[in-house]
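Beneath this line is the structure, given in structure tokens, with notes to follow.
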Amino acid sequence: MGSLAPVFANRFDRVRRAMQAEGVDVLLLSVGPDLPWLTGYAAMPLERLTMLVLPVDGEATMLLPAFETARVAPHPDLFRIEGWEETHDPIARTAELVGSATELAIGDHTWSRFTVLLQGAMPQASWRNAGTVTGPLRAAKEPAEIAALQRAASGVDRVATALRGGEIPLIGRTEADVAAELGRRVVAEGHAKVNFSIVASGPNAASPHHEPGDRVIRPNEIVLCDFGGTTEEPDGQHGYCSDLTRCVFTGEIPAEIAEAYAHLLDAQQAATAAAVVGTPAGAVDAVARGHLAEHGLDHYFLHRLGHGIGVEAHEDPYLVEGNDVPLAAGNAFSVEPGVYVEGVWGARIEDIVVATDDGPRPLNTVDRELAVVDV
């Protein structure tokens, strides 16, 4: 764990500087991705409170159930570990650690059962989401984080290569069965867990977040596969996420679908090229949407263009109309336009892209064409 100490020390320093800039006295982090990103410890989602109490100045305390303390890798220069016993009141203890501070930021994923009690225990305080502090910091990925995202992307690329190459039988199998196989392959490619595995065939592909079910995949239809997971990282480091969508066709591709898919691919590539540092996130969405509009397909594009990715599958920045925040070097995000013809067919092409000072860098490189798979 010693090799990670400088990483966490740097993040603590950046967080405290951001707290000063935002006027935050104390940061409170419980379950959710901020805590492992900052400390390396992922709190179990228990009815027992875990809370990092991080003042802008002074000692930080990791407060958690006493029997959980052995799971925390110690970083005494950054925080002390304090266990609370079953008969203790962790809400009251958190309030003691906060003291007279009035400007508090609490983790976006903190359970309401704890947030409401903490607010009652500290009536002097005003509250905001910790994401105002941690979100921009997590969005600007460090080189090691980009390397982890690249490993994740390469793993799902290999699964997609097998899919496109006909190594994963489709025809005659249920969506759920294929989804399970994709998940097993994701884990075999270096992921600790599968976050999602969407397999949507035929008319089901028109539902962007279709839940794979017992529909049997047939010849001569499109199959949309969107899958990803969280990597297994060395030294106890938290994992990073993958997210990839590719489509295949189980027979001869009809001209209408081939034409629409070609325009979709052009839109995806144009939006990727537009994702340069300094460009507002919403403007990248507009590039894809505008290209589809030129071909009468924009009303079939039902969702935002993309989402950030890191220790969460969805995080800042979001590529959506109205987001005028310029892309920054180190931002990692999906570029995933779609065409969804309700009740008939649908398609989506998705890559993870990193904004760099040298231009957009797609982490996924597997072929994006609509492949014919007749197995």
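How things are named: the first chain in the structure tokens is A, the next is B, and so on; residues count from 1 in each chain; ligands count from 1 in the order shown.
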If you take only C-alpha atoms and a cut-off of 8 Å, which residues of region 181-277 of chain A touch region 305-317 of chain A, and what are their nearest atom pairs and distances in Å to one decimal, in chain and number order, as a Markdown table?
```
| residue | atom | partner | partner_atom | distance |
| --- | --- | --- | --- | --- |
| A:Asn195 | CA | A:Ala313 | CA | 7.9 |
| A:Thr230 | CA | A:Val311 | CA | 7.8 |
| A:His238 | CA | A:Val311 | CA | 7.2 |
| A:Gly239 | CA | A:Val311 | CA | 6.1 |
| A:Tyr240 | CA | A:Val311 | CA | 4.6 |
| A:Cys241 | CA | A:Ala313 | CA | 5.6 |
| A:Ser242 | CA | A:Ala313 | CA | 7.2 |
| A:Asp243 | CA | A:Ala313 | CA | 7.3 |
```
Please write the residues from the selection above to a file, keeping N, CA and C atoms, as a compact mmCIF listing (two decimals), in the first residue's frame.
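As written to disk, out_2.txt reads:
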```txt
# COMPACT_ATOMS: atom_id res chain seq x y z
N ASN A 195 -20.69 -4.59 -14.42
CA ASN A 195 -21.63 -3.55 -14.02
C ASN A 195 -22.95 -3.65 -14.79
N THR A 230 -16.02 -3.18 -13.77
CA THR A 230 -15.03 -2.46 -12.97
C THR A 230 -13.79 -3.33 -12.86
N HIS A 238 -8.72 1.14 -5.88
CA HIS A 238 -10.08 1.01 -6.40
C HIS A 238 -10.03 0.79 -7.89
N GLY A 239 -11.07 0.14 -8.43
CA GLY A 239 -11.10 -0.17 -9.84
C GLY A 239 -11.67 0.94 -10.69
N TYR A 240 -11.47 0.82 -12.00
CA TYR A 240 -12.00 1.78 -12.96
C TYR A 240 -12.91 1.05 -13.94
N CYS A 241 -13.81 1.81 -14.55
CA CYS A 241 -14.91 1.22 -15.30
C CYS A 241 -14.66 1.18 -16.80
N SER A 242 -15.29 0.24 -17.43
CA SER A 242 -15.35 0.13 -18.89
C SER A 242 -16.80 0.26 -19.31
N ASP A 243 -16.99 0.63 -20.59
CA ASP A 243 -18.34 0.77 -21.14
C ASP A 243 -18.20 0.80 -22.67
```
Near region 359-361 of chain A, counting only C-alpha atoms, which residues have an atom at most 7 Å away, once you skip same-chain residues fewer than 2 positions from it, shown as a CSV table (one decimal) with N, CA and C atoms, in the first residue's frame?
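Produced file selection.csv, reproduced below:
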```csv
chain,number,residue,atom,x,y,z
A,272,THR,N,-16.7,12.5,-31.8
A,272,THR,CA,-15.4,12.2,-31.2
A,272,THR,C,-14.3,13.2,-31.6
A,273,ALA,N,-14.3,13.6,-32.9
A,273,ALA,CA,-13.3,14.5,-33.3
A,273,ALA,C,-13.5,15.9,-32.7
A,275,ALA,N,-14.5,16.6,-29.7
A,275,ALA,CA,-14.3,16.5,-28.2
A,275,ALA,C,-12.9,17.0,-27.9
A,276,VAL,N,-12.6,18.2,-28.2
A,276,VAL,CA,-11.2,18.8,-28.0
A,276,VAL,C,-11.3,19.6,-26.7
A,353,VAL,N,-13.6,8.0,-24.6
A,353,VAL,CA,-12.7,8.9,-25.2
A,353,VAL,C,-12.1,9.8,-24.1
A,354,VAL,N,-10.8,10.1,-24.2
A,354,VAL,CA,-10.2,11.0,-23.2
A,354,VAL,C,-9.8,12.3,-24.0
A,355,ALA,N,-10.1,13.4,-23.4
A,355,ALA,CA,-9.7,14.7,-24.0
A,355,ALA,C,-8.3,14.9,-23.5
A,356,THR,N,-7.4,15.2,-24.5
A,356,THR,CA,-6.0,15.5,-24.2
A,356,THR,C,-5.6,16.7,-24.9
A,357,ASP,N,-4.4,17.3,-24.5
A,357,ASP,CA,-3.9,18.5,-25.1
A,357,ASP,C,-3.5,18.2,-26.6
A,363,LEU,N,-10.2,5.4,-26.3
A,363,LEU,CA,-9.6,4.2,-25.6
A,363,LEU,C,-10.1,2.9,-26.2
```
Among the residues A:Glu96, A:Glu252, A:Glu103, A:Glu85, the one that comes closest to Met19 (chain A) [using only C-alpha atoms]: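 Using only C-alpha atoms, Met19 (chain A) sits closest to A:Glu103.
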Proximity to Val287 (chain A) - best of A:Gln268, A:Glu350, A:Asp34, A:Phe67, only C-alpha atoms: A:Gln268
Spatial neighbours of His295 (chain A), max dist 12 Å, only C-alpha atoms, sep filter under 2 positions, as a PDB file with N, CA and C atoms, in the first residue's frame:
```pdb
ATOM      1  N   GLU A 259     -27.924   2.097 -44.320  1.00  0.00           N
ATOM      2  CA  GLU A 259     -27.766   3.535 -44.564  1.00  0.00           C
ATOM      3  C   GLU A 259     -27.830   4.320 -43.251  1.00  0.00           C
ATOM      4  N   ALA A 260     -28.820   3.994 -42.429  1.00  0.00           N
ATOM      5  CA  ALA A 260     -28.951   4.707 -41.149  1.00  0.00           C
ATOM      6  C   ALA A 260     -27.732   4.461 -40.258  1.00  0.00           C
ATOM      7  N   TYR A 261     -27.245   3.230 -40.262  1.00  0.00           N
ATOM      8  CA  TYR A 261     -26.086   2.906 -39.435  1.00  0.00           C
ATOM      9  C   TYR A 261     -24.856   3.665 -39.920  1.00  0.00           C
ATOM     10  N   ALA A 262     -24.688   3.808 -41.221  1.00  0.00           N
ATOM     11  CA  ALA A 262     -23.552   4.555 -41.756  1.00  0.00           C
ATOM     12  C   ALA A 262     -23.590   6.001 -41.289  1.00  0.00           C
ATOM     13  N   HIS A 263     -24.787   6.594 -41.265  1.00  0.00           N
ATOM     14  CA  HIS A 263     -24.910   7.969 -40.775  1.00  0.00           C
ATOM     15  C   HIS A 263     -24.631   8.032 -39.271  1.00  0.00           C
ATOM     16  N   LEU A 264     -25.065   7.009 -38.545  1.00  0.00           N
ATOM     17  CA  LEU A 264     -24.797   6.956 -37.105  1.00  0.00           C
ATOM     18  C   LEU A 264     -23.300   6.886 -36.842  1.00  0.00           C
ATOM     19  N   ASP A 266     -20.920   7.942 -38.817  1.00  0.00           N
ATOM     20  CA  ASP A 266     -20.338   9.243 -39.147  1.00  0.00           C
ATOM     21  C   ASP A 266     -20.568  10.240 -38.015  1.00  0.00           C
ATOM     22  N   ALA A 267     -21.763  10.204 -37.431  1.00  0.00           N
ATOM     23  CA  ALA A 267     -22.075  11.115 -36.323  1.00  0.00           C
ATOM     24  C   ALA A 267     -21.189  10.828 -35.124  1.00  0.00           C
ATOM     25  N   ALA A 288     -23.043  15.623 -32.902  1.00  0.00           N
ATOM     26  CA  ALA A 288     -23.668  14.349 -33.269  1.00  0.00           C
ATOM     27  C   ALA A 288     -25.124  14.545 -33.661  1.00  0.00           C
ATOM     28  N   ARG A 289     -25.834  15.344 -32.879  1.00  0.00           N
ATOM     29  CA  ARG A 289     -27.260  15.543 -33.137  1.00  0.00           C
ATOM     30  C   ARG A 289     -27.483  16.275 -34.462  1.00  0.00           C
ATOM     31  N   GLY A 290     -26.607  17.249 -34.739  1.00  0.00           N
ATOM     32  CA  GLY A 290     -26.724  17.979 -35.985  1.00  0.00           C
ATOM     33  C   GLY A 290     -26.464  17.103 -37.188  1.00  0.00           C
ATOM     34  N   HIS A 291     -25.489  16.217 -37.074  1.00  0.00           N
ATOM     35  CA  HIS A 291     -25.194  15.322 -38.199  1.00  0.00           C
ATOM     36  C   HIS A 291     -26.375  14.390 -38.458  1.00  0.00           C
ATOM     37  N   LEU A 292     -26.960  13.853 -37.408  1.00  0.00           N
ATOM     38  CA  LEU A 292     -28.123  12.977 -37.599  1.00  0.00           C
ATOM     39  C   LEU A 292     -29.300  13.756 -38.168  1.00  0.00           C
ATOM     40  N   ALA A 293     -29.442  15.023 -37.779  1.00  0.00           N
ATOM     41  CA  ALA A 293     -30.540  15.848 -38.291  1.00  0.00           C
ATOM     42  C   ALA A 293     -30.434  16.043 -39.796  1.00  0.00           C
ATOM     43  N   LEU A 297     -32.584  11.806 -38.925  1.00  0.00           N
ATOM     44  CA  LEU A 297     -32.519  10.764 -37.899  1.00  0.00           C
ATOM     45  C   LEU A 297     -32.454  11.318 -36.476  1.00  0.00           C
ATOM     46  N   ASP A 298     -32.423  12.636 -36.331  1.00  0.00           N
ATOM     47  CA  ASP A 298     -32.214  13.212 -34.999  1.00  0.00           C
ATOM     48  C   ASP A 298     -33.336  12.887 -34.030  1.00  0.00           C
ATOM     49  N   HIS A 299     -34.571  12.745 -34.524  1.00  0.00           N
ATOM     50  CA  HIS A 299     -35.680  12.450 -33.608  1.00  0.00           C
ATOM     51  C   HIS A 299     -35.654  10.995 -33.125  1.00  0.00           C
ATOM     52  N   TYR A 300     -34.755  10.194 -33.684  1.00  0.00           N
ATOM     53  CA  TYR A 300     -34.577   8.820 -33.193  1.00  0.00           C
ATOM     54  C   TYR A 300     -33.446   8.721 -32.159  1.00  0.00           C
ATOM     55  N   VAL A 339     -29.656   5.447 -32.677  1.00  0.00           N
ATOM     56  CA  VAL A 339     -30.860   5.575 -33.500  1.00  0.00           C
ATOM     57  C   VAL A 339     -31.816   4.481 -33.036  1.00  0.00           C
TER      58      VAL A 339
END
```
When DSSP is applied to the backbone of this structure, which of region 25-236 of chain A are assigned alpha helix (DSSP H)? Write them out as a ChimeraX atom specification. /A:34-39,90-98,112-121,131-139,143-164,175-188
Write out as CSV a residue-level contact list of region 249-315 of chain A versus region 197-214 of chain A with cut-off 10 Å: for each qualifying residue the closest pair of atoms and the distance in Å to one decimal, counting only C-alpha atoms, rows sorted by chain and residue number upward.
```
residue,atom,partner,partner_atom,distance
A:Phe249,CA,A:Ser201,CA,9.3
A:Thr250,CA,A:Ser201,CA,9.8
A:Tyr300,CA,A:Ala206,CA,9.2
A:Phe301,CA,A:Pro208,CA,9.8
A:Leu302,CA,A:Pro208,CA,8.2
A:His303,CA,A:Pro208,CA,8.4
```
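If you measure from each of A:Gly32, A:Asn10, A:Ala140, A:Leu63 to Asp108 (chain A) using only C-alpha atoms, the closest one turns out to be A:Gly32.
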What is the CA of Ile349 (chain A) to CA of Phe333 (chain A) distance in Å?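 Going from CA of Ile349 (chain A) over to CA of Phe333 (chain A) covers 13.5 Å.
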Extract, using only C-alpha atoms, all DNA, RNA and protein residues at most 8 Å from Leu54 (chain A), discarding same-chain residues fewer than 4 positions from it, and format them as a PDB file with N, CA and C atoms, in the first residue's frame.
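Saved the output as result_28.pdb:
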```pdb
ATOM      1  N   VAL A  26     -15.935  21.486   6.263  1.00  0.00           N
ATOM      2  CA  VAL A  26     -15.742  20.051   6.514  1.00  0.00           C
ATOM      3  C   VAL A  26     -16.392  19.254   5.383  1.00  0.00           C
ATOM      4  N   LEU A  27     -15.665  18.251   4.921  1.00  0.00           N
ATOM      5  CA  LEU A  27     -16.177  17.313   3.918  1.00  0.00           C
ATOM      6  C   LEU A  27     -16.517  16.011   4.623  1.00  0.00           C
ATOM      7  N   LEU A  28     -17.709  15.484   4.361  1.00  0.00           N
ATOM      8  CA  LEU A  28     -18.186  14.253   4.981  1.00  0.00           C
ATOM      9  C   LEU A  28     -18.439  13.221   3.888  1.00  0.00           C
ATOM     10  N   GLU A  59      -6.847  17.521  11.561  1.00  0.00           N
ATOM     11  CA  GLU A  59      -6.782  16.079  11.351  1.00  0.00           C
ATOM     12  C   GLU A  59      -8.088  15.524  10.810  1.00  0.00           C
ATOM     13  N   ALA A  60      -7.986  14.635   9.847  1.00  0.00           N
ATOM     14  CA  ALA A  60      -9.146  13.917   9.324  1.00  0.00           C
ATOM     15  C   ALA A  60      -9.321  12.620  10.090  1.00  0.00           C
ATOM     16  N   THR A  61     -10.583  12.170  10.190  1.00  0.00           N
ATOM     17  CA  THR A  61     -10.907  10.945  10.925  1.00  0.00           C
ATOM     18  C   THR A  61     -11.788  10.045  10.077  1.00  0.00           C
TER      19      THR A  61
END
```
So that I can check the secondary structure, give me every residue of region 192-328 of chain A assigned strand (DSSP E or B) by backbone DSSP, as a VMD selection string. chain A and resid 192 to 201 216 222 to 231 241 244 to 249 280 306 to 308 315 to 319 326
Could you take the residues named above and write them with C-alpha atoms, as a PDB file, in the first residue's frame?
```
ATOM      1  CA  ALA A 192     -13.464  -7.650 -10.843  1.00  0.00           C
ATOM      2  CA  LYS A 193     -17.179  -7.411 -11.589  1.00  0.00           C
ATOM      3  CA  VAL A 194     -19.712  -6.808 -14.333  1.00  0.00           C
ATOM      4  CA  ASN A 195     -21.635  -3.549 -14.020  1.00  0.00           C
ATOM      5  CA  PHE A 196     -24.099  -4.247 -16.841  1.00  0.00           C
ATOM      6  CA  SER A 197     -24.531  -6.488 -19.865  1.00  0.00           C
ATOM      7  CA  ILE A 198     -27.237  -5.390 -22.283  1.00  0.00           C
ATOM      8  CA  VAL A 199     -28.175  -7.661 -25.169  1.00  0.00           C
ATOM      9  CA  ALA A 200     -31.100  -6.290 -27.167  1.00  0.00           C
ATOM     10  CA  SER A 201     -32.221  -8.055 -30.324  1.00  0.00           C
ATOM     11  CA  VAL A 216     -34.600 -15.849 -28.607  1.00  0.00           C
ATOM     12  CA  ILE A 222     -29.787  -6.517 -35.361  1.00  0.00           C
ATOM     13  CA  VAL A 223     -28.301  -7.331 -31.953  1.00  0.00           C
ATOM     14  CA  LEU A 224     -27.124  -4.432 -29.785  1.00  0.00           C
ATOM     15  CA  CYS A 225     -24.591  -5.334 -27.086  1.00  0.00           C
ATOM     16  CA  ASP A 226     -23.614  -2.787 -24.405  1.00  0.00           C
ATOM     17  CA  PHE A 227     -21.406  -4.115 -21.627  1.00  0.00           C
ATOM     18  CA  GLY A 228     -18.853  -3.035 -19.067  1.00  0.00           C
ATOM     19  CA  GLY A 229     -17.466  -3.635 -15.621  1.00  0.00           C
ATOM     20  CA  THR A 230     -15.026  -2.458 -12.974  1.00  0.00           C
ATOM     21  CA  THR A 231     -11.398  -3.536 -13.176  1.00  0.00           C
ATOM     22  CA  CYS A 241     -14.910   1.222 -15.295  1.00  0.00           C
ATOM     23  CA  LEU A 244     -18.664  -0.272 -24.784  1.00  0.00           C
ATOM     24  CA  THR A 245     -21.478  -0.725 -27.288  1.00  0.00           C
ATOM     25  CA  ARG A 246     -21.250  -2.571 -30.584  1.00  0.00           C
ATOM     26  CA  CYS A 247     -23.952  -3.910 -32.894  1.00  0.00           C
ATOM     27  CA  VAL A 248     -23.972  -6.963 -35.141  1.00  0.00           C
ATOM     28  CA  PHE A 249     -26.487  -8.299 -37.655  1.00  0.00           C
ATOM     29  CA  PRO A 280     -18.187  23.011 -24.173  1.00  0.00           C
ATOM     30  CA  GLY A 306     -22.285  10.731 -23.324  1.00  0.00           C
ATOM     31  CA  HIS A 307     -21.284  10.558 -19.690  1.00  0.00           C
ATOM     32  CA  GLY A 308     -18.041  10.756 -17.794  1.00  0.00           C
ATOM     33  CA  GLU A 315     -19.870  10.616 -13.532  1.00  0.00           C
ATOM     34  CA  ASP A 316     -18.819  14.115 -14.628  1.00  0.00           C
ATOM     35  CA  PRO A 317     -18.608  15.405 -17.310  1.00  0.00           C
ATOM     36  CA  TYR A 318     -21.902  14.842 -19.099  1.00  0.00           C
ATOM     37  CA  LEU A 319     -22.085  15.543 -22.835  1.00  0.00           C
ATOM     38  CA  PRO A 326     -15.467  23.309 -21.385  1.00  0.00           C
TER      39      PRO A 326
END
```
